[in-house]
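K.L.:
Let me give you the structure first, and then I'll get to my questions.
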Amino acid sequence: MIRLEKRPEPSRLWTATTPLLAVALTMIVGGLLFAVLGADPFEAIRTIFWDPLFHPQFAAYSRPQLLVKAGPLILIAIGLSIGFKAGIWNIGAEGQYIIGAVCGAGVGLAFYPSENVLIFPLMIVAGALGGWAWAMIPAVLKTKFGTNEILVSLMLVYVAQNVLIAMSTGLLRNPEGMGFPGSRNFKQWDAVHNAEIVANTGMHWGVVAAFIAVIAAYVLMSRHIQGFNIRLSGEAPRAARFAGVSPARIVFLCLGLAGALAGMAGLFEVTGPAGQLTDKFNAGYGFTAIIVAFLGRLHPVGILLAGLLMALTYIGGELAQLMLGLPGAAIQLFQGMLLFFLLATDVFTNYRLRFGAGAAA
Amino acid sequence: MDTPLLSINGLTKAYPGVVANDSVSFDIGESEIHALLGENGAGKSTLVKMIYGLVQPDNGTMTMRGAGYTPSKPSEARQSGVAMVFQHFSLFDALDVAENVALGMETPPPMRDLARQIREVSETYGLPLDPSRTVGTLSAGERQRVEIIRCLLQDPKLLIMDEPTSVLTPQEVDILFETLRKLKAEGTSILYISHKLEEIRALCDHATILRLGKNVGTCTPSETTAREMAEMMVGSSFAAPQAQNKVLGNVLLSVKGLSQPAPGSFGTPLREIGFDLRAGEVLGIGGVAGNGQDELLAALSGERLSETGMVRLKGSDVSRMGPNARREAGLLSGPEERLGHAAAPDMSLIENGVLTASRRMGLLSNGFISWGKSRAFAEDVIERFDVRTPGPHVAARALSGGNLQKFVVGREIVQTPDVLVVNQPTWGVDAAAAAFIRQSLLDLAAQGSAVLVISQDLDELMEVSDRFGALNEGRLSSIRPVTELDIEQIGLMMGGAHDMEVAHVDG
């Protein structure tokens with residue numbers, strides 16, 4: 001008989017190695033999946049993990065994409081991870097990200113065609129506020145009426161998508177766009193274009209913000225009493241109340257922070273890589289960021305690495321679709337596997353396997 | 001009554017670190033109400049769990065009507081005719097009475113028949129209950145009737161009742177006793193677990209008394225005084241607490257008219273609690289579990305705020321202050337539940353030190369935690385309170401109960417509180433650690449702090465307290481010096497002496 005036995009303390013070794021083990025298991029099972037689909041598994045894995053960075057032909061294009069894709073993932077995941085640490089399950093970052101983009105873009109477009117340098121910072125603030133406000137809806141409902149933030153935040157994603165469609169085909173539509181849906185192109189408006197800071201690196205302001213967020217989150221969670229209170233609320237809610245922490249305040253703080261960071265990520269995306277507010281500029285970063293947060297063990301540095309890894313599978317996945325004709329769904333499955341294996345191997349952090357007959361009850 | 005219904009011979013059950021039952025033997029006759037009497041932790045629960053098949057004994061045998069009886073799970077016990085009403089109900093609020101009863105049955109009859117059976121049983125035994133009512137709308141007493149009827153439908157030979165009156169009003173207690181007598185008249189035996197002496201004297205034919213896992217005597221309650229039973233229950237060791245001549249200082253904590261609604265459906269409301277606590281004094285508050293101990297601690301620690309004027313510390317009103325503001329003002333507390341309330345299980349001892357000491361010990365600057373100072377504080381607690389641990393970085397849940405308790409009590413004492421409130425400071429702690437913690441509380445009082453000890457352990461309260469009061473259904477009895485009290489009076493205070501028939505011995 002095999003059974004699980006609780007460890008007296010979480011194993012440090014397993015905490016560090018489960019992400020690596022999860023990546024390895026994903027490669028093996030993903031390889032089998034690709035083999036079943038008729039592709040050479042080794043080539044498929046190489047195309048996903050190696051070629052985006054080192055392929056002689058494609059790397060020049062795909063290498064900068066790494067930061068372009070990792071930036072929003074990391075920025076959103078950092079916000080989410082702080083909430084997850086407190087046991088607040090904000091699943092609706094995608095909605096906060098969309099509303100941030102809509103608000104930021106809307107504020108900017110109100111000043112078109114001014115070239116004032118203050119417009120872009122103002123848009124960032126508006127984006128953050130938009131995401132924050134969207135996250136306040138589940139926060140208020142949770143603290144006032146005890147609703148479940150998982151459901152409310154998730155449902156608000158679909159509301160946000162409809163707001164986005166309404167805005168990009170209505171109020172914010174480009175008046176000179178021949179009736180096509182979508183806002184003005186921010187790439188053609190220098191004052192607000194979130195361009196690459198260093199050419200061909202993919203480094204834009206959103207990536208800078210992501211790096212700052214990583215450092216700030218690290219300091220907050222490891223040194224500041226608020227970070228301590230957030231962790232305490234997640235670990236032992238009753239002990240947190242005993243320590244004088246107000247549960248409602250933690251809900252507002254965590255959801256607000258995650259919303260603001262997601263909203264900011266949306267603004268950077270719409271003014272940078274996407275360039276235009278359209279009904280599908282969003283690309284699902286808000287959902288993928290959940291995987292990134294967990295893959296990174298809810299630790300800022302882990303999230304930084306996980307965001308880069310996840311971005312790699314995005315780019316590699318596209319490359320694999322192109323080169324090997326693998327279906328897009330197979331790539332998404334591959335990414336989902338990563339979270340699946342991570343959660344599965346995570347058990348060993350707190351439990352150990354015991355073989356042999358246990359005490360039969 | 002030649003062959004007893006259930007005969008228990010030398011049952012022994014040990015858990016790591018504690019022998020819960022040490023060769024306990026007694027018999028329950030046919031048509032007998034048999035009391036199982038003992039303090040919290042005396043081993044009553046473990047014993048009935050073995051009878052009900054929830055726990056397997058390490059040693060010893062049971063025979064039912066002469067045949068061997070070894071239930072390995074509750075369903076086997078039920079098949080043998082043993083039914084049990086637990087202290088905490090397992091009912092679904094959203095379902096109605098009949099549905100709840102059906103859920104507990106192995107082969108429930110059709111709903112309409114079941115509703116009819118419930119109605120019949122409830123009328124026969126004088127337990128009025130409508131099978132179509134939603135359980136969420138029922139009072140505690142009515143919920144208990146659901147559990148009892150669920151048991152009676154199995155037509156049991158032996159009905160085990162675990163502290164059935166702890167959730168009942170006096171009127172409901174009367175109804176319950178009528179039912180139990182009727183059951184006895186029909187030939188059902190009842191094993192009745194309680195520590196309320198007067199109830200047992202009124203109801204039970206025989207009583208077996210457990211202390212520290214051992215059977216210390218069997219008696220006929222109607223022929224034994226409450227005092228004799230109480231002495232058997234707690235041992236004679238605390239009969240004469242030595243007189244303490246202390247010079248008391250100013251009133252540090254003053255509580256007046258403290259009332260609060262129950263925090264949830266299982267909580268207890270606090271009703272008009274009032275007392276003064278002076279510098280250098282230890283006030284002991286006893287009472288049966290669930291009579292408002294947790295709620296009183298939360299009201300004093302600041303986890304639940306009370307109305308203006310109810311709680312005063314050194315003359316200033318702290319009723320509306322949260323836990324941190326009260327700590328800064330000098331009022332510290334230690335809750336009963338070590339893991340999850342007093343300490344976060346997966347956090348290190350350093351972090352658990354920060355949990356209550358961050359402001360009072362200056363571990364913060366501009367909101368940033370100084371981990372160096374925090375480690376020094378944790379190490380100080382570990383050293384002064386002899387906490388056995390590999391180091392301060394160890395997670396709280398890795399410590400044994402006694403060591404963690406020394407840490408969480410020590411954590412508050414090291415902060416030199418003006419007033420310290422602790423609930424069950426030595427619950428589940430080995431004797432050496434318990435003695436150490438009690439001595440620390442006495443030392444703290446000797447240095448001029450005021451200490452409030454809430455406990456269910458009477459020995460402990462008699463050892464440390466200068467004055468004693470008891471909580472009963474959220475009310476605090478009058479507070480009296482321990483030197484004036486004898487065991488009978490203490491028992492009466494704990495039972496809420498005002499509505500007990502022998503109230504004349506009081507005073």
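Letters A, B, ... mark the chains of the structure tokens in the order given; residue numbers begin at 1 per chain; ligand numbers begin at 1, in order shown.
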List every residue of region 147-178 of chain A that DSSP, applied to the backbone of this structure, places in alpha helix (DSSP H), and write the result as number ranges by chain.
P.N.:
A: 149-169
K.L.:
Distance cut-off 7 Å, counting only C-alpha atoms - which residues of chain B neighbour chain A? Return them as a PyMOL selection string.
P.N.:
chain B and resi 303+322-324+340-344+355-356+367-369+395+398
K.L.:
Which residue gives the smallest distance to Ser23 (chain B) among B:Cys204, B:Leu210, B:Leu37, B:Leu363, with only C-alpha atoms counted?
P.N.:
B:Leu210
K.L.:
Hey, what's within 12 Å of Ala67 (chain B) if we count only C-alpha atoms and toss same-chain stuff fewer than 2 positions away? As a ChimeraX atom specification, please?
P.N.:
/B:3-8,61-65,69-70,80
K.L.:
Restricting the calculation to only C-alpha atoms: of B:Gly491, B:Pro417, B:Gly410, B:Gly353, which residue gets closest to Ser477 (chain B)?
P.N.:
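Answer, going by the shortest atom-to-atom distance: B:Gly491.
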K.L.:
Can you pull out the residues contacting Asn350 (chain A)? Cut-off 10 Å, using only C-alpha atoms, and skip same-chain residues under 2 positions away; I want them as a ChimeraX atom specification.
P.N.:
/A:4-12,14-15,346-348,352
K.L.:
Those residues you just picked out, can you put them in a file as an mmCIF file, in the first residue's frame with C-alpha atoms?
P.N.:
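Output file again-v2.cif follows:
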data_model
loop_
_atom_site.group_PDB
_atom_site.id
_atom_site.type_symbol
_atom_site.label_atom_id
_atom_site.label_comp_id
_atom_site.auth_asym_id
_atom_site.auth_seq_id
_atom_site.Cartn_x
_atom_site.Cartn_y
_atom_site.Cartn_z
ATOM 1 C CA LEU A 4 1.046 9.955 1.844
ATOM 2 C CA GLU A 5 2.484 11.070 5.128
ATOM 3 C CA LYS A 6 2.526 14.707 6.166
ATOM 4 C CA ARG A 7 5.981 16.130 6.642
ATOM 5 C CA PRO A 8 6.629 17.943 9.906
ATOM 6 C CA GLU A 9 7.891 20.891 7.894
ATOM 7 C CA PRO A 10 7.553 21.806 4.207
ATOM 8 C CA SER A 11 10.572 20.404 2.390
ATOM 9 C CA ARG A 12 12.864 23.098 1.076
ATOM 10 C CA TRP A 14 10.992 19.932 -2.961
ATOM 11 C CA THR A 15 9.891 23.560 -2.964
ATOM 12 C CA ASP A 346 3.522 20.086 -5.270
ATOM 13 C CA VAL A 347 2.031 17.454 -2.974
ATOM 14 C CA PHE A 348 5.553 16.276 -2.178
ATOM 15 C CA ARG A 352 6.171 12.176 1.567
#
K.L.:
Once DSSP has gone over the backbone, tell me which residues of region 56-235 of chain B are in strand (DSSP E), as a short mmCIF file (atom, residue, chain, number, x, y, z; two decimals) with all heavy atoms, in the first residue's frame.
P.N.:
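Writing done, so here's selection.cif:
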data_model
loop_
_atom_site.label_atom_id
_atom_site.label_comp_id
_atom_site.auth_asym_id
_atom_site.auth_seq_id
_atom_site.Cartn_x
_atom_site.Cartn_y
_atom_site.Cartn_z
N ASN B 59 -5.78 -2.57 24.20
CA ASN B 59 -5.86 -3.72 25.09
C ASN B 59 -7.24 -3.78 25.72
O ASN B 59 -7.92 -2.77 25.81
CB ASN B 59 -4.84 -3.55 26.23
CG ASN B 59 -3.82 -4.65 26.19
OD1 ASN B 59 -4.17 -5.80 25.93
ND2 ASN B 59 -2.57 -4.30 26.44
N GLY B 60 -7.62 -4.95 26.19
CA GLY B 60 -8.89 -5.06 26.89
C GLY B 60 -9.99 -5.59 25.98
O GLY B 60 -9.84 -5.65 24.77
N THR B 61 -11.11 -5.99 26.61
CA THR B 61 -12.20 -6.59 25.85
C THR B 61 -13.53 -5.98 26.25
O THR B 61 -13.67 -5.39 27.32
CB THR B 61 -12.29 -8.11 26.12
OG1 THR B 61 -12.41 -8.29 27.53
CG2 THR B 61 -11.08 -8.85 25.60
N MET B 62 -14.50 -6.14 25.36
CA MET B 62 -15.86 -5.74 25.67
C MET B 62 -16.76 -6.94 25.36
O MET B 62 -16.52 -7.65 24.37
CB MET B 62 -16.28 -4.55 24.83
CG MET B 62 -15.57 -3.26 25.17
SD MET B 62 -16.17 -1.86 24.21
CE MET B 62 -15.19 -2.00 22.72
N THR B 63 -17.76 -7.16 26.18
CA THR B 63 -18.73 -8.20 25.85
C THR B 63 -20.12 -7.61 25.94
O THR B 63 -20.41 -6.78 26.81
CB THR B 63 -18.66 -9.39 26.82
OG1 THR B 63 -18.72 -8.89 28.15
CG2 THR B 63 -17.40 -10.20 26.63
N MET B 64 -20.98 -8.00 24.99
CA MET B 64 -22.35 -7.54 25.00
C MET B 64 -23.26 -8.73 25.21
O MET B 64 -23.25 -9.67 24.41
CB MET B 64 -22.67 -6.83 23.69
CG MET B 64 -24.08 -6.27 23.70
SD MET B 64 -24.41 -5.23 22.29
CE MET B 64 -23.64 -3.72 22.81
N ALA B 67 -21.65 -12.06 24.82
CA ALA B 67 -20.92 -12.36 23.60
C ALA B 67 -19.86 -11.30 23.35
O ALA B 67 -20.02 -10.15 23.75
CB ALA B 67 -21.90 -12.42 22.42
N GLY B 68 -18.78 -11.67 22.70
CA GLY B 68 -17.70 -10.72 22.41
C GLY B 68 -18.20 -9.58 21.53
O GLY B 68 -19.02 -9.78 20.64
N VAL B 82 -25.90 -0.32 19.31
CA VAL B 82 -25.33 0.81 20.03
C VAL B 82 -25.53 2.07 19.19
O VAL B 82 -25.18 2.08 18.01
CB VAL B 82 -23.83 0.60 20.31
CG1 VAL B 82 -23.23 1.84 20.98
CG2 VAL B 82 -23.63 -0.63 21.17
N ALA B 83 -26.12 3.09 19.75
CA ALA B 83 -26.32 4.34 19.02
C ALA B 83 -25.73 5.47 19.84
O ALA B 83 -25.59 5.35 21.06
CB ALA B 83 -27.81 4.59 18.80
N MET B 84 -25.36 6.54 19.16
CA MET B 84 -24.69 7.62 19.89
C MET B 84 -25.18 8.98 19.42
O MET B 84 -25.33 9.23 18.23
CB MET B 84 -23.18 7.51 19.68
CG MET B 84 -22.42 8.60 20.39
SD MET B 84 -20.70 8.16 20.66
CE MET B 84 -20.08 9.69 21.33
N VAL B 85 -25.43 9.86 20.39
CA VAL B 85 -25.75 11.26 20.10
C VAL B 85 -24.51 12.08 20.47
O VAL B 85 -24.11 12.11 21.63
CB VAL B 85 -26.97 11.74 20.91
CG1 VAL B 85 -27.22 13.21 20.66
CG2 VAL B 85 -28.19 10.92 20.55
N LEU B 158 -28.40 0.21 23.50
CA LEU B 158 -27.60 1.12 24.32
C LEU B 158 -27.50 2.45 23.58
O LEU B 158 -27.08 2.51 22.43
CB LEU B 158 -26.20 0.54 24.54
CG LEU B 158 -25.22 1.46 25.30
CD1 LEU B 158 -25.67 1.68 26.72
CD2 LEU B 158 -23.82 0.89 25.26
N LEU B 159 -27.89 3.51 24.25
CA LEU B 159 -27.81 4.85 23.67
C LEU B 159 -26.74 5.62 24.42
O LEU B 159 -26.80 5.75 25.65
CB LEU B 159 -29.18 5.54 23.81
CG LEU B 159 -29.29 6.96 23.26
CD1 LEU B 159 -29.08 6.99 21.76
CD2 LEU B 159 -30.66 7.55 23.61
N ILE B 160 -25.74 6.11 23.68
CA ILE B 160 -24.67 6.89 24.30
C ILE B 160 -24.98 8.36 24.09
O ILE B 160 -25.25 8.78 22.96
CB ILE B 160 -23.30 6.56 23.68
CG1 ILE B 160 -23.03 5.05 23.76
CG2 ILE B 160 -22.19 7.34 24.36
CD1 ILE B 160 -21.79 4.63 23.02
N MET B 161 -24.94 9.15 25.13
CA MET B 161 -25.19 10.58 24.99
C MET B 161 -24.00 11.35 25.53
O MET B 161 -23.67 11.25 26.72
CB MET B 161 -26.46 10.97 25.73
CG MET B 161 -27.66 10.18 25.26
SD MET B 161 -29.20 11.06 25.49
CE MET B 161 -29.10 12.31 24.27
N ASP B 162 -23.35 12.12 24.67
CA ASP B 162 -22.14 12.85 25.05
C ASP B 162 -22.51 14.28 25.43
O ASP B 162 -22.87 15.08 24.57
CB ASP B 162 -21.15 12.84 23.88
CG ASP B 162 -19.78 13.35 24.28
OD1 ASP B 162 -19.61 13.68 25.46
OD2 ASP B 162 -18.90 13.43 23.41
N SER B 189 -30.81 0.84 27.63
CA SER B 189 -29.81 1.35 28.56
C SER B 189 -29.20 2.61 27.98
O SER B 189 -29.13 2.77 26.76
CB SER B 189 -28.71 0.33 28.79
OG SER B 189 -29.26 -0.81 29.39
N ILE B 190 -28.75 3.48 28.87
CA ILE B 190 -28.19 4.74 28.41
C ILE B 190 -26.84 4.97 29.09
O ILE B 190 -26.73 4.79 30.32
CB ILE B 190 -29.15 5.90 28.71
CG1 ILE B 190 -30.43 5.75 27.87
CG2 ILE B 190 -28.51 7.25 28.42
CD1 ILE B 190 -31.62 6.46 28.41
N LEU B 191 -25.85 5.31 28.30
CA LEU B 191 -24.56 5.72 28.86
C LEU B 191 -24.51 7.23 28.75
O LEU B 191 -24.51 7.79 27.66
CB LEU B 191 -23.39 5.08 28.10
CG LEU B 191 -22.00 5.40 28.64
CD1 LEU B 191 -21.85 4.97 30.07
CD2 LEU B 191 -20.93 4.75 27.77
N TYR B 192 -24.51 7.88 29.90
CA TYR B 192 -24.71 9.32 29.95
C TYR B 192 -23.43 9.99 30.40
O TYR B 192 -22.95 9.78 31.52
CB TYR B 192 -25.85 9.60 30.94
CG TYR B 192 -26.30 11.03 30.98
CD1 TYR B 192 -27.33 11.48 30.17
CD2 TYR B 192 -25.71 11.94 31.85
CE1 TYR B 192 -27.75 12.79 30.21
CE2 TYR B 192 -26.12 13.26 31.90
CZ TYR B 192 -27.14 13.68 31.08
OH TYR B 192 -27.55 14.97 31.12
N ILE B 193 -22.85 10.80 29.49
CA ILE B 193 -21.56 11.41 29.79
C ILE B 193 -21.77 12.85 30.22
O ILE B 193 -22.46 13.60 29.52
CB ILE B 193 -20.67 11.39 28.55
CG1 ILE B 193 -20.47 9.95 28.12
CG2 ILE B 193 -19.34 12.06 28.81
CD1 ILE B 193 -20.04 9.84 26.71
N SER B 194 -21.19 13.20 31.31
CA SER B 194 -21.40 14.57 31.79
C SER B 194 -20.38 14.90 32.84
O SER B 194 -19.69 14.03 33.36
CB SER B 194 -22.81 14.70 32.36
OG SER B 194 -23.04 16.03 32.77
N HIS B 206 -26.28 4.44 38.15
CA HIS B 206 -24.91 4.22 38.59
C HIS B 206 -24.01 5.22 37.89
O HIS B 206 -24.36 5.75 36.85
CB HIS B 206 -24.45 2.79 38.24
CG HIS B 206 -25.15 1.75 39.04
ND1 HIS B 206 -26.24 1.07 38.56
CD2 HIS B 206 -24.91 1.28 40.29
CE1 HIS B 206 -26.66 0.23 39.48
NE2 HIS B 206 -25.87 0.32 40.54
N ALA B 207 -22.86 5.45 38.50
CA ALA B 207 -21.90 6.35 37.87
C ALA B 207 -20.51 5.74 37.95
O ALA B 207 -20.13 5.17 38.98
CB ALA B 207 -21.92 7.71 38.57
N THR B 208 -19.77 5.84 36.84
CA THR B 208 -18.38 5.46 36.83
C THR B 208 -17.59 6.75 36.67
O THR B 208 -17.92 7.58 35.83
CB THR B 208 -18.09 4.51 35.66
OG1 THR B 208 -18.80 3.31 35.89
CG2 THR B 208 -16.60 4.22 35.54
N ILE B 209 -16.60 6.91 37.51
CA ILE B 209 -15.87 8.17 37.51
C ILE B 209 -14.46 7.96 36.98
O ILE B 209 -13.73 7.06 37.43
CB ILE B 209 -15.83 8.77 38.93
CG1 ILE B 209 -17.28 9.10 39.33
CG2 ILE B 209 -14.98 10.02 38.98
CD1 ILE B 209 -17.52 9.15 40.79
N LEU B 210 -14.09 8.73 35.99
CA LEU B 210 -12.76 8.64 35.38
C LEU B 210 -11.93 9.82 35.81
O LEU B 210 -12.41 10.96 35.87
CB LEU B 210 -12.86 8.66 33.85
CG LEU B 210 -13.45 7.45 33.13
CD1 LEU B 210 -13.34 7.66 31.62
CD2 LEU B 210 -12.72 6.18 33.51
N ARG B 211 -10.67 9.55 36.12
CA ARG B 211 -9.72 10.65 36.33
C ARG B 211 -8.39 10.23 35.71
O ARG B 211 -7.89 9.15 35.97
CB ARG B 211 -9.55 10.95 37.82
CG ARG B 211 -8.43 11.94 38.11
CD ARG B 211 -8.65 12.71 39.40
NE ARG B 211 -9.10 11.87 40.48
CZ ARG B 211 -8.28 11.29 41.37
NH1 ARG B 211 -7.00 11.44 41.29
NH2 ARG B 211 -8.78 10.55 42.32
N LYS B 214 -8.16 6.74 34.29
CA LYS B 214 -8.37 5.56 35.13
C LYS B 214 -9.77 5.61 35.74
O LYS B 214 -10.29 6.69 36.03
CB LYS B 214 -7.36 5.55 36.28
CG LYS B 214 -5.95 5.22 35.86
CD LYS B 214 -5.17 4.76 37.08
CE LYS B 214 -3.77 4.33 36.72
NZ LYS B 214 -2.85 5.47 36.65
N ASN B 215 -10.34 4.43 35.94
CA ASN B 215 -11.60 4.33 36.68
C ASN B 215 -11.28 4.48 38.15
O ASN B 215 -10.63 3.63 38.75
CB ASN B 215 -12.23 2.96 36.39
CG ASN B 215 -13.54 2.80 37.12
OD1 ASN B 215 -13.88 3.60 37.97
ND2 ASN B 215 -14.26 1.74 36.78
N VAL B 216 -11.72 5.57 38.77
CA VAL B 216 -11.37 5.81 40.16
C VAL B 216 -12.52 5.48 41.10
O VAL B 216 -12.44 5.72 42.29
CB VAL B 216 -10.92 7.27 40.41
CG1 VAL B 216 -9.60 7.52 39.72
CG2 VAL B 216 -11.97 8.26 39.94
N GLY B 217 -13.61 4.94 40.54
CA GLY B 217 -14.67 4.53 41.45
C GLY B 217 -16.01 4.47 40.77
O GLY B 217 -16.25 5.12 39.76
N THR B 218 -16.88 3.64 41.33
CA THR B 218 -18.24 3.56 40.85
C THR B 218 -19.13 3.85 42.04
O THR B 218 -18.82 3.47 43.17
CB THR B 218 -18.52 2.15 40.31
OG1 THR B 218 -17.56 1.89 39.29
CG2 THR B 218 -19.90 2.05 39.70
N CYS B 219 -20.22 4.57 41.83
CA CYS B 219 -21.08 4.88 42.94
C CYS B 219 -22.53 4.93 42.49
O CYS B 219 -22.82 4.88 41.30
CB CYS B 219 -20.68 6.20 43.60
SG CYS B 219 -20.92 7.60 42.50
#
K.L.:
In Å, with one decimal, what is the gap from CA of Gly474 (chain B) to CA of Gly292 (chain B)?
P.N.:
4.7 Å
K.L.:
Do you know which residues are at most 12 Å from Ile303 (chain A) counting only C-alpha atoms, after dropping those on the same chain fewer than 6 positions away, and could you put them as a VMD selection string?
P.N.:
chain A and resid 19 70 to 82 210 to 211 213 to 215 217 to 218 289 to 297 309 to 311
K.L.:
CA of Ser254 (chain B) to CA of Val421 (chain B): how many Å, to one decimal?
P.N.:
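Between CA of Ser254 (chain B) and CA of Val421 (chain B) the gap works out to 12.8 Å.
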K.L.:
Contacts of Ile150 (chain A) at 9 Å or less, counting only C-alpha atoms, minus same-chain residues fewer than 6 places along, as a ChimeraX atom specification?
P.N.:
/A:88-92,138
K.L.:
Residues of the last selection are to be written out with N, CA, C and O atoms, as an mmCIF file, in the first residue's frame.
P.N.:
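Output saved as out.cif:
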data_model
loop_
_atom_site.group_PDB
_atom_site.id
_atom_site.type_symbol
_atom_site.label_atom_id
_atom_site.label_comp_id
_atom_site.auth_asym_id
_atom_site.auth_seq_id
_atom_site.Cartn_x
_atom_site.Cartn_y
_atom_site.Cartn_z
ATOM 1 N N ILE A 88 -6.685 34.957 -1.466
ATOM 2 C CA ILE A 88 -7.726 35.677 -2.209
ATOM 3 C C ILE A 88 -7.552 35.320 -3.678
ATOM 4 O O ILE A 88 -6.531 35.642 -4.290
ATOM 5 N N TRP A 89 -8.548 34.615 -4.211
ATOM 6 C CA TRP A 89 -8.371 33.981 -5.517
ATOM 7 C C TRP A 89 -8.984 34.829 -6.610
ATOM 8 O O TRP A 89 -10.117 34.640 -7.010
ATOM 9 N N ASN A 90 -8.200 35.779 -7.064
ATOM 10 C CA ASN A 90 -8.611 36.652 -8.149
ATOM 11 C C ASN A 90 -8.324 35.942 -9.463
ATOM 12 O O ASN A 90 -7.181 35.840 -9.889
ATOM 13 N N ILE A 91 -9.363 35.428 -10.095
ATOM 14 C CA ILE A 91 -9.200 34.687 -11.342
ATOM 15 C C ILE A 91 -9.488 35.619 -12.524
ATOM 16 O O ILE A 91 -9.363 35.257 -13.668
ATOM 17 N N GLY A 92 -9.898 36.854 -12.221
ATOM 18 C CA GLY A 92 -10.365 37.747 -13.286
ATOM 19 C C GLY A 92 -9.366 38.798 -13.718
ATOM 20 O O GLY A 92 -9.751 39.883 -14.148
ATOM 21 N N PRO A 138 -15.423 42.843 -7.216
ATOM 22 C CA PRO A 138 -15.439 41.636 -6.364
ATOM 23 C C PRO A 138 -15.037 41.921 -4.921
ATOM 24 O O PRO A 138 -15.538 41.277 -3.995
#
K.L.:
To one decimal place, how far is CA of Asn423 (chain B) from CA of Gly287 (chain B) in Å?
P.N.:
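According to the coordinates, CA of Asn423 (chain B) and CA of Gly287 (chain B) are separated by 11.6 Å.
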K.L.:
Counting only C-alpha atoms, which residue out of A:Ala160, A:Gly146, A:Ser114, A:Ile99 sits closest to Gly130 (chain A)?
P.N.:
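When distances to Gly130 (chain A) are compared using only C-alpha atoms, the smallest one comes from A:Ile99.
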